[in-house]
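What's in protein.pdb: PDB, C-alpha atoms and all ligand atoms
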MODEL        1
ATOM      1  CA  MET A  14     -11.936  26.502  25.270  1.00  0.00           C
ATOM      2  CA  LYS A  15     -12.373  23.214  23.450  1.00  0.00           C
ATOM      3  CA  ILE A  16     -12.408  20.304  25.907  1.00  0.00           C
ATOM      4  CA  ALA A  17     -11.825  16.724  24.712  1.00  0.00           C
ATOM      5  CA  LEU A  18     -13.726  14.260  26.899  1.00  0.00           C
ATOM      6  CA  GLY A  19     -13.207  10.501  27.140  1.00  0.00           C
ATOM      7  CA  THR A  20     -14.675   7.854  29.431  1.00  0.00           C
ATOM      8  CA  ASP A  21     -14.732   4.085  29.645  1.00  0.00           C
ATOM      9  CA  HIS A  22     -17.891   2.111  30.541  1.00  0.00           C
ATOM     10  CA  ALA A  23     -17.274   2.788  34.255  1.00  0.00           C
ATOM     11  CA  GLY A  24     -17.190   6.541  33.695  1.00  0.00           C
ATOM     12  CA  ILE A  25     -20.201   6.923  31.494  1.00  0.00           C
ATOM     13  CA  GLY A  26     -22.606   7.797  34.322  1.00  0.00           C
ATOM     14  CA  LEU A  27     -20.723  11.011  35.145  1.00  0.00           C
ATOM     15  CA  LYS A  28     -20.397  12.005  31.518  1.00  0.00           C
ATOM     16  CA  LYS A  29     -23.665  13.914  31.092  1.00  0.00           C
ATOM     17  CA  ASP A  30     -23.056  15.922  34.278  1.00  0.00           C
ATOM     18  CA  VAL A  31     -19.525  16.790  33.188  1.00  0.00           C
ATOM     19  CA  ILE A  32     -20.690  17.761  29.689  1.00  0.00           C
ATOM     20  CA  ALA A  33     -23.395  19.972  31.204  1.00  0.00           C
ATOM     21  CA  VAL A  34     -20.963  21.824  33.471  1.00  0.00           C
ATOM     22  CA  ILE A  35     -18.388  22.308  30.682  1.00  0.00           C
ATOM     23  CA  GLN A  36     -21.059  23.789  28.401  1.00  0.00           C
ATOM     24  CA  LYS A  37     -22.534  25.910  31.191  1.00  0.00           C
ATOM     25  CA  LEU A  38     -19.105  27.516  31.585  1.00  0.00           C
ATOM     26  CA  GLY A  39     -19.199  28.410  27.888  1.00  0.00           C
ATOM     27  CA  HIS A  40     -16.728  25.795  26.665  1.00  0.00           C
ATOM     28  CA  GLU A  41     -17.089  23.345  23.781  1.00  0.00           C
ATOM     29  CA  VAL A  42     -17.019  19.560  24.318  1.00  0.00           C
ATOM     30  CA  VAL A  43     -15.445  17.080  21.900  1.00  0.00           C
ATOM     31  CA  ASP A  44     -16.713  13.673  23.056  1.00  0.00           C
ATOM     32  CA  VAL A  45     -14.427  10.829  21.929  1.00  0.00           C
ATOM     33  CA  GLY A  46     -16.611   8.135  23.588  1.00  0.00           C
ATOM     34  CA  CYS A  47     -17.332   5.637  24.848  1.00  0.00           C
ATOM     35  CA  ASN A  48     -21.042   5.836  24.366  1.00  0.00           C
ATOM     36  CA  CYS A  49     -22.227   2.394  25.437  1.00  0.00           C
ATOM     37  CA  SER A  50     -22.216   0.419  28.669  1.00  0.00           C
ATOM     38  CA  ASP A  51     -20.312  -2.563  27.184  1.00  0.00           C
ATOM     39  CA  SER A  52     -16.931  -3.172  28.763  1.00  0.00           C
ATOM     40  CA  VAL A  53     -14.213  -1.222  26.944  1.00  0.00           C
ATOM     41  CA  ASP A  54     -10.531  -0.485  27.582  1.00  0.00           C
ATOM     42  CA  TYR A  55      -9.685   2.909  29.107  1.00  0.00           C
ATOM     43  CA  PRO A  56      -6.442   3.458  27.098  1.00  0.00           C
ATOM     44  CA  ASP A  57      -8.553   3.457  23.907  1.00  0.00           C
ATOM     45  CA  TYR A  58     -10.261   6.645  25.152  1.00  0.00           C
ATOM     46  CA  ALA A  59      -7.349   8.231  27.008  1.00  0.00           C
ATOM     47  CA  LEU A  60      -5.215   8.232  23.861  1.00  0.00           C
ATOM     48  CA  PRO A  61      -7.501  10.176  21.462  1.00  0.00           C
ATOM     49  CA  VAL A  62      -8.181  12.784  24.148  1.00  0.00           C
ATOM     50  CA  CYS A  63      -4.467  13.250  24.821  1.00  0.00           C
ATOM     51  CA  GLU A  64      -3.592  13.297  21.128  1.00  0.00           C
ATOM     52  CA  GLN A  65      -6.060  16.126  20.595  1.00  0.00           C
ATOM     53  CA  VAL A  66      -4.551  18.107  23.463  1.00  0.00           C
ATOM     54  CA  VAL A  67      -0.989  17.579  22.200  1.00  0.00           C
ATOM     55  CA  ALA A  68      -2.016  18.443  18.622  1.00  0.00           C
ATOM     56  CA  GLY A  69      -3.768  21.599  19.833  1.00  0.00           C
ATOM     57  CA  THR A  70      -7.144  20.605  18.378  1.00  0.00           C
ATOM     58  CA  ALA A  71      -8.373  20.622  21.987  1.00  0.00           C
ATOM     59  CA  ASP A  72      -7.180  23.004  24.699  1.00  0.00           C
ATOM     60  CA  ARG A  73      -7.614  20.554  27.565  1.00  0.00           C
ATOM     61  CA  GLY A  74      -8.804  17.012  28.203  1.00  0.00           C
ATOM     62  CA  ILE A  75     -11.011  15.343  30.802  1.00  0.00           C
ATOM     63  CA  LEU A  76     -10.964  11.569  31.377  1.00  0.00           C
ATOM     64  CA  ILE A  77     -13.288   9.474  33.524  1.00  0.00           C
ATOM     65  CA  CYS A  78     -13.077   5.778  34.381  1.00  0.00           C
ATOM     66  CA  GLY A  79     -14.059   3.812  37.489  1.00  0.00           C
ATOM     67  CA  THR A  80     -11.181   5.060  39.620  1.00  0.00           C
ATOM     68  CA  GLY A  81      -9.540   7.590  37.304  1.00  0.00           C
ATOM     69  CA  ILE A  82      -6.297   5.721  37.896  1.00  0.00           C
ATOM     70  CA  GLY A  83      -6.054   3.804  34.617  1.00  0.00           C
ATOM     71  CA  MET A  84      -6.948   6.895  32.621  1.00  0.00           C
ATOM     72  CA  SER A  85      -4.353   9.021  34.414  1.00  0.00           C
ATOM     73  CA  ILE A  86      -1.618   6.393  33.992  1.00  0.00           C
ATOM     74  CA  ALA A  87      -2.368   6.076  30.268  1.00  0.00           C
ATOM     75  CA  ALA A  88      -2.582   9.850  29.753  1.00  0.00           C
ATOM     76  CA  ASN A  89       0.771  10.508  31.399  1.00  0.00           C
ATOM     77  CA  LYS A  90       2.461   8.163  28.886  1.00  0.00           C
ATOM     78  CA  VAL A  91       1.719  10.654  26.100  1.00  0.00           C
ATOM     79  CA  PRO A  92       4.551  13.192  25.651  1.00  0.00           C
ATOM     80  CA  GLY A  93       3.274  16.683  26.365  1.00  0.00           C
ATOM     81  CA  ILE A  94       0.518  15.544  28.712  1.00  0.00           C
ATOM     82  CA  ARG A  95       0.410  16.466  32.372  1.00  0.00           C
ATOM     83  CA  CYS A  96      -2.589  14.632  33.780  1.00  0.00           C
ATOM     84  CA  ALA A  97      -3.761  14.878  37.395  1.00  0.00           C
ATOM     85  CA  LEU A  98      -6.103  12.428  39.085  1.00  0.00           C
ATOM     86  CA  VAL A  99      -8.280  14.695  41.230  1.00  0.00           C
ATOM     87  CA  HIS A 100     -11.029  13.943  43.723  1.00  0.00           C
ATOM     88  CA  ASP A 101     -11.166  17.186  45.694  1.00  0.00           C
ATOM     89  CA  VAL A 102     -11.599  20.850  44.841  1.00  0.00           C
ATOM     90  CA  PHE A 103      -8.383  21.999  46.546  1.00  0.00           C
ATOM     91  CA  SER A 104      -6.280  19.716  44.343  1.00  0.00           C
ATOM     92  CA  ALA A 105      -8.186  20.793  41.214  1.00  0.00           C
ATOM     93  CA  LYS A 106      -7.081  24.377  41.872  1.00  0.00           C
ATOM     94  CA  ALA A 107      -3.569  23.498  43.038  1.00  0.00           C
ATOM     95  CA  THR A 108      -2.772  21.283  40.055  1.00  0.00           C
ATOM     96  CA  ARG A 109      -3.639  24.051  37.628  1.00  0.00           C
ATOM     97  CA  GLU A 110      -1.701  26.677  39.585  1.00  0.00           C
ATOM     98  CA  HIS A 111       1.374  24.552  40.301  1.00  0.00           C
ATOM     99  CA  ASN A 112       1.529  21.789  37.651  1.00  0.00           C
ATOM    100  CA  ASP A 113      -0.170  23.457  34.669  1.00  0.00           C
ATOM    101  CA  THR A 114      -2.048  20.211  34.061  1.00  0.00           C
ATOM    102  CA  ASN A 115      -3.678  19.910  30.670  1.00  0.00           C
ATOM    103  CA  VAL A 116      -5.695  16.765  31.403  1.00  0.00           C
ATOM    104  CA  LEU A 117      -7.928  16.002  34.392  1.00  0.00           C
ATOM    105  CA  ALA A 118      -8.831  12.445  35.417  1.00  0.00           C
ATOM    106  CA  MET A 119     -11.624  11.463  37.812  1.00  0.00           C
ATOM    107  CA  GLY A 120     -13.160   8.213  39.032  1.00  0.00           C
ATOM    108  CA  GLU A 121     -16.907   7.748  38.886  1.00  0.00           C
ATOM    109  CA  ARG A 122     -16.719   4.978  41.509  1.00  0.00           C
ATOM    110  CA  VAL A 123     -14.939   7.373  43.866  1.00  0.00           C
ATOM    111  CA  ILE A 124     -16.916  10.632  43.724  1.00  0.00           C
ATOM    112  CA  GLY A 125     -20.468  11.753  42.994  1.00  0.00           C
ATOM    113  CA  PRO A 126     -21.694  14.181  40.330  1.00  0.00           C
ATOM    114  CA  GLY A 127     -21.866  17.212  42.659  1.00  0.00           C
ATOM    115  CA  LEU A 128     -18.194  17.019  43.610  1.00  0.00           C
ATOM    116  CA  ALA A 129     -17.167  16.146  40.039  1.00  0.00           C
ATOM    117  CA  GLU A 130     -18.909  19.298  38.781  1.00  0.00           C
ATOM    118  CA  GLU A 131     -17.135  21.467  41.382  1.00  0.00           C
ATOM    119  CA  ILE A 132     -13.786  19.912  40.464  1.00  0.00           C
ATOM    120  CA  VAL A 133     -14.349  20.509  36.737  1.00  0.00           C
ATOM    121  CA  LYS A 134     -15.441  24.110  37.393  1.00  0.00           C
ATOM    122  CA  GLU A 135     -12.352  24.826  39.510  1.00  0.00           C
ATOM    123  CA  TRP A 136      -9.946  23.068  37.151  1.00  0.00           C
ATOM    124  CA  LEU A 137     -11.281  24.816  34.032  1.00  0.00           C
ATOM    125  CA  SER A 138     -11.326  28.266  35.574  1.00  0.00           C
ATOM    126  CA  THR A 139      -7.945  28.273  37.337  1.00  0.00           C
ATOM    127  CA  ALA A 140      -4.888  29.603  35.517  1.00  0.00           C
ATOM    128  CA  PHE A 141      -1.314  28.363  35.870  1.00  0.00           C
ATOM    129  CA  SER A 142       0.344  30.631  38.430  1.00  0.00           C
ATOM    130  CA  GLY A 143       3.361  30.968  36.124  1.00  0.00           C
ATOM    131  CA  GLY A 144       5.676  31.712  39.028  1.00  0.00           C
ATOM    132  CA  GLU A 145       9.348  31.030  38.382  1.00  0.00           C
ATOM    133  CA  ARG A 146       9.595  28.088  40.750  1.00  0.00           C
ATOM    134  CA  HIS A 147       6.551  26.358  39.248  1.00  0.00           C
ATOM    135  CA  VAL A 148       7.714  26.988  35.663  1.00  0.00           C
ATOM    136  CA  ASN A 149      11.087  25.533  36.582  1.00  0.00           C
ATOM    137  CA  ARG A 150       9.516  22.425  38.126  1.00  0.00           C
ATOM    138  CA  VAL A 151       7.160  21.835  35.198  1.00  0.00           C
ATOM    139  CA  ASN A 152      10.122  22.199  32.831  1.00  0.00           C
ATOM    140  CA  LYS A 153      12.021  19.601  34.851  1.00  0.00           C
ATOM    141  CA  VAL A 154       9.072  17.213  34.554  1.00  0.00           C
ATOM    142  CA  MET A 155       8.951  17.707  30.791  1.00  0.00           C
ATOM    143  CA  ALA A 156      12.732  17.200  30.588  1.00  0.00           C
ATOM    144  CA  ILE A 157      12.198  13.660  31.919  1.00  0.00           C
ATOM    145  CA  GLU A 158      10.180  12.953  28.762  1.00  0.00           C
ATOM    146  CA  ASP A 159      13.029  14.280  26.625  1.00  0.00           C
ATOM    147  CA  LYS A 160      15.523  12.037  28.423  1.00  0.00           C
ATOM    148  CA  TYR A 161      13.535   8.864  27.692  1.00  0.00           C
ATOM    149  CA  ARG A 162      12.069   9.782  24.298  1.00  0.00           C
ATOM    150  CA  GLN A 163      12.954   7.016  21.815  1.00  0.00           C
ATOM    151  CA  VAL A 164      11.828   8.491  18.505  1.00  0.00           C
TER
HETATM  152  C1  LIG B   1     -13.050  -0.903  34.840  1.00  0.00           C
HETATM  153  O1  LIG B   1     -13.567  -1.982  35.549  1.00  0.00           O
HETATM  154  C2  LIG B   1     -11.992  -0.203  35.676  1.00  0.00           C
HETATM  155  O2  LIG B   1     -10.901  -1.036  35.869  1.00  0.00           O
HETATM  156  C3  LIG B   1     -11.571   1.087  35.024  1.00  0.00           C
HETATM  157  O3  LIG B   1     -12.684   1.889  34.816  1.00  0.00           O
HETATM  158  C4  LIG B   1     -10.585   1.940  35.795  1.00  0.00           C
HETATM  159  O4  LIG B   1     -11.031   2.121  37.109  1.00  0.00           O
HETATM  160  C5  LIG B   1      -9.179   1.519  35.721  1.00  0.00           C
HETATM  161  O5  LIG B   1      -8.278   2.161  36.282  1.00  0.00           O
ENDMDL
END

What is this structure when it is put down as structure tokens?
Amino acid sequence: MKIALGTDHAGIGLKKDVIAVIQKLGHEVVDVGCNCSDSVDYPDYALPVCEQVVAGTADRGILICGTGIGMSIAANKVPGIRCALVHDVFSAKATREHNDTNVLAMGERVIGPGLAEEIVKEWLSTAFSGGERHVNRVNKVMAIEDKYRQV
């Protein structure tokens, strides 16, 4: 798969570990930045990652900021994105199986590289369960976007 990756300045420390684990699993990384330690704004990196996922130029997206919260809030504003903020391996698996999430957010100030790598591994390798009840629930979530879409 092609994985779009975006971080702000507070997520840059985890970036090399996350890139390494993505590549070790045989996936390709598209790094949208940031690539400096100057203070930047997380929506500026969440948006290009999510746009690539929605456009289909990337299969999935991974976002890292200090807490993961800002990135996940911004990502979930983009129609078509289902982003989960995950800091444990159980949730990484469950959110793929139940929510069919296409973007993963993590916080570098919350978890260390070892756990982040396990989360990425689990999230990238778990398929959506596709069961009727989960499909129905995901469709209901996406219908909320349709209800409020203004364009
Ligand atoms: C940056 O200081 C920090 O606010 C940001 O990385 C993120 O945690 C926001 O949700």

Any residue with an atom at most 7 Å from ligand LIG 1 (chain B) counts, using all atoms listed in the file. Which are they? Put them as a VMD selection string. chain A and resid 21 to 24 55 78 to 84 120

Determine the residue membership of the PyMOL selection byres (((chain A and resi 90-101) around 6) and not hetatm) for the file above and supply it as a PyMOL selection string. chain A and resi 85+87-89+102-104+114-119

Tell me which protein, DNA and RNA residues are within 9 Å of A:Ile35, counting all atoms listed in the file, leaving out same-chain ones fewer than 2 positions away, and put them as a list in words. Ile16, Asp30, Val31, Ile32, Ala33, Lys37, Leu38, Gly39, His40, Glu41, Val42, Glu130, Val133, Lys134 and Leu137 of chain A

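Note that the spacing between atom CA of A:Glu64 and atom CA of A:Asn149 amounts to 24.6 Å.
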
Hey, can you check how far atom CA of A:Asp113 sits from atom CA of A:Ala68? 16.9 Å

Record the distance separating atom CA of A:Ala140 and atom CA of A:Lys153, expressed in Å with one decimal.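 Distance between the two atoms: 19.7 Å.
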
Residues within 10 Å of A:Val151, all atoms listed in the file, excluding chain neighbours under 3 positions, as a PDB file with C-alpha atoms, keeping the file's coordinate frame:
ATOM      1  CA  ARG A  95       0.410  16.466  32.372  1.00  0.00           C
ATOM      2  CA  HIS A 111       1.374  24.552  40.301  1.00  0.00           C
ATOM      3  CA  ASN A 112       1.529  21.789  37.651  1.00  0.00           C
ATOM      4  CA  ASP A 113      -0.170  23.457  34.669  1.00  0.00           C
ATOM      5  CA  THR A 114      -2.048  20.211  34.061  1.00  0.00           C
ATOM      6  CA  GLY A 143       3.361  30.968  36.124  1.00  0.00           C
ATOM      7  CA  GLU A 145       9.348  31.030  38.382  1.00  0.00           C
ATOM      8  CA  ARG A 146       9.595  28.088  40.750  1.00  0.00           C
ATOM      9  CA  HIS A 147       6.551  26.358  39.248  1.00  0.00           C
ATOM     10  CA  VAL A 148       7.714  26.988  35.663  1.00  0.00           C
ATOM     11  CA  VAL A 154       9.072  17.213  34.554  1.00  0.00           C
ATOM     12  CA  MET A 155       8.951  17.707  30.791  1.00  0.00           C
ATOM     13  CA  ALA A 156      12.732  17.200  30.588  1.00  0.00           C
TER      14      ALA A 156
END

Can you tell me which residues surround stretch 45-54 of chain A at a distance of at most 8 Å, considering all atoms listed in the file, apart from same-chain residues fewer than 5 positions away, and format the answer as a tab-separated table (two decimals) with C-alpha atoms, in the frame of the given file?
chain	number	residue	atom	x	y	z
A	17	ALA	CA	-11.82	16.72	24.71
A	18	LEU	CA	-13.73	14.26	26.90
A	19	GLY	CA	-13.21	10.50	27.14
A	20	THR	CA	-14.68	7.85	29.43
A	21	ASP	CA	-14.73	4.08	29.64
A	22	HIS	CA	-17.89	2.11	30.54
A	23	ALA	CA	-17.27	2.79	34.26
A	25	ILE	CA	-20.20	6.92	31.49
A	61	PRO	CA	-7.50	10.18	21.46
A	62	VAL	CA	-8.18	12.78	24.15

A:Arg150, A:Lys160, A:Lys15, A:Arg122 ranked by distance to A:Arg73, top pick (using all atoms listed in the file): A:Lys15
